[in-house]
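Chemist: Got a file for you: protein_37.cif, mmCIF, C-alpha atoms.
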```
data_entry
#
loop_
_atom_site.label_atom_id
_atom_site.label_comp_id
_atom_site.auth_asym_id
_atom_site.auth_seq_id
_atom_site.Cartn_x
_atom_site.Cartn_y
_atom_site.Cartn_z
CA MET A 1 9.88 -17.56 12.04
CA SER A 2 13.26 -15.87 12.52
CA TRP A 3 13.77 -12.15 12.09
CA SER A 4 15.89 -12.61 8.95
CA SER A 5 13.20 -14.68 7.22
CA ILE A 6 10.46 -12.13 8.18
CA ASP A 7 12.76 -9.46 6.87
CA SER A 8 13.32 -11.21 3.56
CA VAL A 9 9.54 -11.67 3.14
CA LEU A 10 9.00 -7.95 3.79
CA PHE A 11 11.69 -6.98 1.30
CA ALA A 12 10.16 -9.36 -1.27
CA LEU A 13 6.70 -7.86 -0.67
CA ASP A 14 8.12 -4.37 -1.16
CA LYS A 15 9.32 -5.41 -4.61
CA ILE A 16 5.93 -6.90 -5.51
CA ILE A 17 4.19 -3.68 -4.41
CA PHE A 18 6.62 -1.65 -6.53
CA VAL A 19 5.83 -3.84 -9.57
CA ALA A 20 2.08 -3.45 -8.83
CA TYR A 21 2.34 0.37 -8.79
CA PHE A 22 4.37 0.28 -12.00
CA ALA A 23 1.78 -1.96 -13.71
CA LEU A 24 -1.01 0.34 -12.48
CA LEU A 25 0.84 3.36 -13.87
CA VAL A 26 1.15 1.72 -17.30
CA LEU A 27 -2.57 0.80 -17.20
CA ALA A 28 -3.52 4.34 -16.20
CA MET A 29 -1.47 5.77 -19.09
CA LEU A 30 -3.15 3.32 -21.52
CA PHE A 31 -6.68 4.13 -20.31
CA GLN A 32 -6.46 7.84 -19.59
CA ARG A 33 -3.84 8.94 -22.14
CA LYS A 34 -3.49 12.32 -20.46
CA VAL A 35 -2.03 13.84 -17.33
CA SER A 36 -4.42 13.60 -14.42
CA SER A 37 -4.24 13.74 -10.64
CA PHE A 38 -4.42 9.94 -10.57
CA VAL A 39 -1.48 9.54 -12.96
CA ILE A 40 0.59 12.07 -10.95
CA THR A 41 -0.19 10.14 -7.76
CA LEU A 42 0.86 6.85 -9.33
CA ILE A 43 4.12 8.35 -10.67
CA VAL A 44 4.99 9.73 -7.21
CA LEU A 45 4.03 6.44 -5.53
CA THR A 46 6.12 4.40 -7.99
CA VAL A 47 9.16 6.67 -7.68
CA ALA A 48 8.96 6.82 -3.85
CA ASN A 49 8.40 3.08 -3.58
CA GLY A 50 11.24 2.35 -6.00
CA ALA A 51 13.58 4.59 -4.01
CA MET A 52 12.62 2.91 -0.73
CA THR A 53 12.87 -0.61 -2.19
CA SER A 54 16.31 0.02 -3.69
CA LEU A 55 17.64 1.78 -0.57
CA SER A 56 16.24 -0.70 1.98
CA PRO A 57 19.00 -3.36 1.72
CA ILE A 58 21.82 -0.77 1.89
CA LEU A 59 20.18 1.07 4.79
CA TYR A 60 19.48 -2.18 6.60
CA GLN A 61 23.10 -3.23 6.29
CA TYR A 62 24.25 0.15 7.63
CA ALA A 63 21.64 0.16 10.42
CA THR A 64 22.94 -3.13 11.85
CA GLN A 65 25.97 -1.18 13.16
CA PRO A 66 25.68 -0.34 16.86
CA GLU A 67 26.05 3.47 16.61
CA LEU A 68 23.00 5.62 17.22
CA PHE A 69 23.58 7.58 14.02
CA ALA A 70 23.32 4.39 11.95
CA LYS A 71 19.90 3.68 13.50
CA PHE A 72 18.89 7.30 12.96
CA THR A 73 19.87 7.05 9.27
CA TRP A 74 17.44 4.12 8.85
CA TYR A 75 14.42 6.00 10.23
CA ALA A 76 15.31 9.46 8.91
CA SER A 77 15.99 8.26 5.34
CA PHE A 78 12.49 6.82 5.01
CA ALA A 79 10.97 9.92 6.60
CA VAL A 80 12.89 12.13 4.13
CA ILE A 81 11.67 10.03 1.17
CA ASP A 82 8.09 10.45 2.50
CA VAL A 83 8.53 14.23 2.73
CA LEU A 84 10.02 14.38 -0.77
CA ALA A 85 7.15 12.27 -2.12
CA LEU A 86 4.61 14.63 -0.52
CA PHE A 87 6.44 17.65 -1.93
CA LEU A 88 6.51 16.06 -5.40
CA LEU A 89 2.80 15.27 -5.14
CA TYR A 90 2.06 18.92 -4.31
CA LYS A 91 4.46 20.42 -6.86
CA PHE A 92 3.30 18.23 -9.79
CA HIS A 93 -0.34 19.12 -9.13
CA GLN A 94 0.54 22.80 -8.91
CA LEU A 95 2.77 22.92 -12.00
CA LEU A 96 0.45 20.84 -14.19
CA ASN A 97 -2.68 22.69 -12.95
CA GLN A 98 -4.43 19.53 -11.85
CA ASN A 99 -7.25 19.17 -9.34
CA VAL A 100 -6.18 17.15 -6.30
CA CYS A 101 -8.36 14.03 -6.48
CA PHE A 102 -9.47 11.77 -3.62
CA ILE A 103 -6.69 9.23 -4.30
CA ALA A 104 -3.98 11.95 -4.27
CA ASN A 105 -5.28 13.20 -0.91
CA LEU A 106 -5.40 9.65 0.46
CA VAL A 107 -1.85 8.91 -0.68
CA GLY A 108 -0.81 12.21 0.96
CA ILE A 109 -2.32 10.99 4.25
CA PHE A 110 -0.45 7.70 3.87
CA PHE A 111 2.90 9.46 3.35
CA VAL A 112 2.32 11.65 6.43
CA THR A 113 1.41 8.51 8.41
CA PHE A 114 4.57 6.72 7.25
CA ALA A 115 6.78 9.70 8.23
CA THR A 116 5.02 9.94 11.61
CA LEU A 117 5.53 6.23 12.23
CA GLN A 118 9.27 6.62 11.58
CA THR A 119 9.46 9.51 14.05
CA LEU A 120 7.36 7.73 16.69
CA ARG A 121 9.46 4.60 16.47
CA PHE A 122 12.76 6.48 16.71
CA VAL A 123 11.62 8.53 19.71
CA ASP A 124 10.06 5.45 21.32
CA ARG A 125 13.21 3.35 20.86
CA PHE A 126 15.99 5.79 21.64
CA VAL A 127 14.50 8.64 23.70
CA PHE A 128 11.97 6.84 25.93
CA ASN A 129 13.44 3.31 25.58
CA THR A 130 9.93 1.87 25.81
CA GLU A 131 9.72 -0.36 22.69
CA PHE A 132 6.03 0.53 22.73
CA PHE A 133 5.75 0.93 18.95
CA GLN A 134 8.04 -1.96 17.97
CA GLN A 135 5.37 -4.43 16.86
CA PHE A 136 3.21 -1.69 15.42
CA TYR A 137 6.08 -0.21 13.37
CA GLN A 138 7.21 -3.62 12.16
CA HIS A 139 3.82 -4.59 10.78
CA ALA A 140 1.94 -1.35 10.14
CA ILE A 141 4.14 0.01 7.32
CA PRO A 142 4.13 -3.15 5.13
CA ALA A 143 0.43 -3.70 5.95
CA LEU A 144 -0.49 -0.13 4.94
CA ASN A 145 1.59 -0.49 1.77
CA ILE A 146 -0.23 -3.70 0.85
CA VAL A 147 -3.67 -2.25 1.66
CA LEU A 148 -3.00 0.86 -0.44
CA VAL A 149 -2.82 -1.13 -3.72
CA PRO A 150 -6.45 -2.47 -3.66
CA ILE A 151 -7.72 0.89 -2.28
CA ILE A 152 -6.16 2.67 -5.27
CA ILE A 153 -7.65 0.16 -7.74
CA ILE A 154 -11.15 0.41 -6.17
CA SER A 155 -11.03 4.24 -6.05
CA TRP A 156 -9.86 4.37 -9.66
CA VAL A 157 -12.65 2.08 -10.89
CA PHE A 158 -15.15 4.13 -8.87
CA GLU A 159 -13.83 7.40 -10.33
CA LEU A 160 -13.92 5.99 -13.88
CA LYS A 161 -17.56 4.92 -13.42
CA LEU A 162 -18.44 8.33 -11.97
CA GLY A 163 -16.76 10.00 -14.95
CA GLN A 164 -18.72 7.84 -17.42
CA ARG A 165 -21.98 8.66 -15.65
CA PHE A 166 -21.11 12.37 -15.80
CA MET A 167 -20.38 12.09 -19.54
CA LYS A 168 -23.71 10.34 -20.12
CA ALA A 169 -25.58 12.99 -18.12
CA GLY A 170 -23.78 15.70 -20.14
CA SER A 171 -24.77 14.16 -23.47
CA THR A 172 -28.46 13.99 -22.51
CA LEU A 173 -28.63 17.70 -21.64
CA MET B 1 23.06 13.49 20.90
CA THR B 2 19.89 11.40 21.09
CA VAL B 3 17.77 14.48 21.74
CA ILE B 4 19.32 16.36 18.80
CA LEU B 5 18.69 13.44 16.46
CA ALA B 6 15.14 13.14 17.80
CA LEU B 7 14.60 16.84 17.14
CA VAL B 8 15.93 16.42 13.59
CA ILE B 9 13.51 13.57 12.84
CA VAL B 10 10.63 15.53 14.42
CA ALA B 11 11.57 18.47 12.14
CA ILE B 12 11.44 16.12 9.12
CA ASN B 13 8.04 14.95 10.32
CA LEU B 14 6.83 18.54 10.63
CA LEU B 15 7.99 19.15 7.05
CA ALA B 16 5.79 16.21 6.01
CA PHE B 17 2.78 17.82 7.73
CA TRP B 18 3.59 21.16 6.11
CA ALA B 19 3.77 19.57 2.63
CA TYR B 20 0.48 17.77 3.25
CA LYS B 21 -1.13 21.07 4.34
CA LYS B 22 0.03 22.66 1.07
CA LEU B 23 -1.57 19.75 -0.81
CA GLY B 24 -4.74 20.31 1.24
CA VAL B 25 -4.87 23.99 0.21
CA LEU B 26 -4.55 22.91 -3.43
CA ARG B 27 -7.40 20.41 -2.89
CA SER B 28 -9.61 23.14 -1.37
CA ILE B 29 -9.05 25.31 -4.43
CA SER B 30 -9.99 22.37 -6.72
CA GLN B 31 -13.13 21.70 -4.68
CA ILE B 32 -14.19 25.36 -4.79
CA GLN B 33 -13.73 25.42 -8.55
CA ALA B 34 -15.70 22.19 -8.97
CA GLU B 35 -18.49 23.49 -6.73
CA VAL B 36 -18.76 26.78 -8.64
CA GLU B 37 -18.63 24.93 -11.95
CA LEU B 38 -21.51 22.68 -10.89
CA GLU B 39 -23.67 25.62 -9.81
CA MET B 40 -22.91 27.64 -12.91
CA HIS B 41 -23.51 24.66 -15.18
CA SER B 42 -27.29 24.84 -14.78
CA ARG B 43 -27.27 28.59 -15.48
CA ALA B 44 -25.17 28.03 -18.61
CA HIS B 45 -27.61 25.37 -19.73
CA LYS B 46 -30.57 27.74 -19.37
CA LEU B 47 -28.69 30.41 -21.34
CA LEU B 48 -27.97 27.94 -24.12
CA VAL B 49 -31.62 26.85 -24.29
CA ARG B 50 -32.63 30.51 -24.63
CA ARG B 51 -30.05 31.00 -27.40
CA ASP B 52 -31.43 27.98 -29.26
CA GLN B 53 -34.95 29.34 -28.98
CA LEU B 54 -33.74 32.70 -30.31
CA GLU B 55 -32.03 31.13 -33.30
CA VAL B 56 -34.91 28.86 -34.17
CA GLY B 57 -37.16 31.94 -34.11
CA LEU B 58 -39.56 31.07 -31.34
CA MET B 59 -39.39 34.63 -30.07
CA LYS B 60 -39.77 36.51 -33.34
CA ASP B 61 -41.81 39.36 -31.87
CA ALA B 62 -39.03 41.00 -29.91
CA SER B 63 -35.98 39.31 -31.36
CA GLU B 64 -33.56 42.23 -31.09
CA GLN B 65 -34.56 43.12 -27.58
CA VAL B 66 -34.34 39.50 -26.47
CA ASP B 67 -30.98 39.11 -28.19
CA GLU B 68 -29.60 42.13 -26.31
CA GLN B 69 -30.98 40.81 -23.06
CA TRP B 70 -29.39 37.45 -23.72
CA LYS B 71 -26.00 39.03 -24.33
CA GLY B 72 -26.37 41.02 -21.11
CA ASP B 73 -27.25 37.86 -19.17
CA LEU B 74 -24.25 36.06 -20.66
CA ALA B 75 -21.88 38.84 -19.60
CA GLU B 76 -23.42 38.83 -16.12
CA TYR B 77 -23.02 35.06 -15.95
CA MET B 78 -19.34 35.20 -16.88
CA GLU B 79 -18.66 37.95 -14.36
CA THR B 80 -20.48 36.08 -11.60
CA TYR B 81 -18.45 32.96 -12.38
CA GLU B 82 -15.15 34.77 -11.86
CA GLN B 83 -16.31 36.66 -8.77
CA GLU B 84 -17.93 33.64 -7.12
CA ALA B 85 -14.76 31.54 -7.46
CA LEU B 86 -12.60 34.39 -6.13
CA MET B 87 -14.92 35.13 -3.21
CA ARG B 88 -15.13 31.50 -2.10
CA SER B 89 -11.35 31.04 -2.33
CA LYS B 90 -10.82 34.13 -0.16
CA GLN B 91 -13.45 33.07 2.38
CA ARG B 92 -12.21 29.52 2.81
CA LEU B 93 -8.49 29.76 2.23
CA ASN B 94 -8.09 32.54 4.82
CA ARG B 95 -9.07 30.02 7.43
CA LEU B 96 -6.19 27.71 6.52
#
```
Is it possible to give me this structure as structure tokens?
Modeler:
Amino acid sequence: MSWSSIDSVLFALDKIIFVAYFALLVLAMLFQRKVSSFVITLIVLTVANGAMTSLSPILYQYATQPELFAKFTWYASFAVIDVLALFLLYKFHQLLNQNVCFIANLVGIFFVTFATLQTLRFVDRFVFNTEFFQQFYQHAIPALNIVLVPIIIISWVFELKLGQRFMKAGSTL
Amino acid sequence: MTVILALVIVAINLLAFWAYKKLGVLRSISQIQAEVELEMHSRAHKLLVRRDQLEVGLMKDASEQVDEQWKGDLAEYMETYEQEALMRSKQRLNRL
């Protein structure tokens, strides 16, 4: 499989993941009907994913230029979006007085991991010239993105069940 | 040039860690509150049971005295709730 076809598959997957987050957000709003840590997390995930998906083609086109700064823009832009997503996650929880749930913490870890992967790959490629992280970078980010969707669904179902059990226990007191 | 750009991206990465740490502090506060709430829940339940007994008239003999005692216990409970949450936040968040 050529690089361009792998690339087009990855871009297509990005769009599917974005649609999945959006659908999950709508479902969460229908079921919960109030602001919660889970809803905040989904909003941040959808916005960050949407920004990355829409910027990817432009950045990719720019990054094909031979200058170092063009390559840097590719890695740094994604890292900046990750930082902004983390900041939004923190600020929304703080402003709306919401407890930081397990999923929010997990998504926070994922954003830090994504930003770290961008840094590692840039340093690996242009400072040490080792290409040590090439394969890892190429596959880890889309793989983590894909894995995150079922993890979020499972955690949400688990949290909903836990909440129902808590309500039942409360009514029997 | 390469080193400067590498330093810039490392700085962005450090910002990500800093933002995650802030989120972690917020999570600690939520956990402390949940923990205190859970502990105080059983005490609140006992207080409510006593109030029910008072209102039904199971303790007719010393109703006024028991009522006063109940009010005192409720005030103590509310004060403990505030102090416990504050104390735990101070103890744990200082370490961060």
Chemist: Can you tell me how far atom CA of A:Ala143 sits from atom CA of A:Ile16, in Å to one decimal?
Modeler: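 Atom CA of A:Ile16 lies 13.1 Å from atom CA of A:Ala143.
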Chemist: Taking all atoms listed in the file into account, produce a table as CSV in which each residue of chain A with an atom at most 9 Å from an atom of chain B appears once, together with its shortest atom pair and the distance in Å to one decimal, ordered by chain and rising number.
Modeler:
```
residue,atom,partner,partner_atom,distance
A:Leu68,CA,B:Thr2,CA,7.6
A:Phe69,CA,B:Leu5,CA,8.0
A:Phe72,CA,B:Leu5,CA,7.1
A:Tyr75,CA,B:Ile9,CA,8.1
A:Ala76,CA,B:Ile9,CA,6.0
A:Ala79,CA,B:Ile12,CA,6.7
A:Val80,CA,B:Ile12,CA,6.6
A:Asp82,CA,B:Ala16,CA,7.1
A:Val83,CA,B:Ala16,CA,4.7
A:Leu84,CA,B:Ala16,CA,8.2
A:Leu86,CA,B:Ala19,CA,5.9
A:Phe87,CA,B:Ala19,CA,5.6
A:Leu89,CA,B:Leu23,CA,7.6
A:Tyr90,CA,B:Leu23,CA,5.1
A:Lys91,CA,B:Leu23,CA,8.6
A:His93,CA,B:Leu26,CA,8.0
A:Gln94,CA,B:Leu26,CA,7.5
A:Gln98,CA,B:Ser30,CA,8.1
A:Asn99,CA,B:Ser30,CA,5.0
A:Val100,CA,B:Arg27,CA,4.9
A:Cys101,CA,B:Arg27,CA,7.4
A:Phe102,CA,B:Arg27,CA,8.9
A:Ala104,CA,B:Leu23,CA,8.9
A:Asn105,CA,B:Gly24,CA,7.4
A:Gly108,CA,B:Tyr20,CA,6.1
A:Ile109,CA,B:Tyr20,CA,7.4
A:Phe111,CA,B:Ala16,CA,7.8
A:Val112,CA,B:Ala16,CA,5.7
A:Ala115,CA,B:Asn13,CA,5.8
A:Thr116,CA,B:Asn13,CA,6.0
A:Gln118,CA,B:Ile9,CA,8.2
A:Thr119,CA,B:Ile9,CA,5.9
A:Leu120,CA,B:Val10,CA,8.8
A:Phe122,CA,B:Ala6,CA,7.2
A:Val123,CA,B:Ala6,CA,6.1
A:Phe126,CA,B:Thr2,CA,6.9
A:Val127,CA,B:Thr2,CA,6.6
A:Leu173,CA,B:His45,CA,8.0
```
Chemist: Can you turn the PyMOL selection byres ((chain B and resi 50) around 12) into a concrete residue list for this file, as a compact mmCIF listing (two decimals) with C-alpha atoms, in the coordinates of the input?
Modeler:
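Saved result, expr.txt, follows:
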```
# COMPACT_ATOMS: atom_id res chain seq x y z
CA ARG B 43 -27.27 28.59 -15.48
CA ALA B 44 -25.17 28.03 -18.61
CA HIS B 45 -27.61 25.37 -19.73
CA LYS B 46 -30.57 27.74 -19.37
CA LEU B 47 -28.69 30.41 -21.34
CA LEU B 48 -27.97 27.94 -24.12
CA VAL B 49 -31.62 26.85 -24.29
CA ARG B 51 -30.05 31.00 -27.40
CA ASP B 52 -31.43 27.98 -29.26
CA GLN B 53 -34.95 29.34 -28.98
CA LEU B 54 -33.74 32.70 -30.31
CA GLU B 55 -32.03 31.13 -33.30
CA VAL B 56 -34.91 28.86 -34.17
CA GLY B 57 -37.16 31.94 -34.11
CA LEU B 58 -39.56 31.07 -31.34
CA MET B 59 -39.39 34.63 -30.07
CA SER B 63 -35.98 39.31 -31.36
CA VAL B 66 -34.34 39.50 -26.47
CA ASP B 67 -30.98 39.11 -28.19
CA GLN B 69 -30.98 40.81 -23.06
CA TRP B 70 -29.39 37.45 -23.72
CA LYS B 71 -26.00 39.03 -24.33
CA ASP B 73 -27.25 37.86 -19.17
CA LEU B 74 -24.25 36.06 -20.66
```
Chemist: What's the separation between atom CA of A:Ala28 and atom CA of A:Leu13, in Å to one decimal place?
Modeler: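 Separation of atom CA of A:Ala28 and atom CA of A:Leu13: 22.2 Å.
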Chemist: Take the PyMOL selection byres ((chain B and resi 81) around 12), apply it to the structure above, and return the hits as a list in words.
Modeler: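 So the PyMOL selection byres ((chain B and resi 81) around 12), applied here, picks out Ile32, Gln33, Ala34, Glu35, Val36, Glu37, Leu38, Glu39, Met40, His41, Arg43, Ala44, Leu74, Ala75, Glu76, Tyr77, Met78, Glu79, Thr80, Glu82, Gln83, Glu84, Ala85, Leu86, Met87 and Arg88 of chain B.
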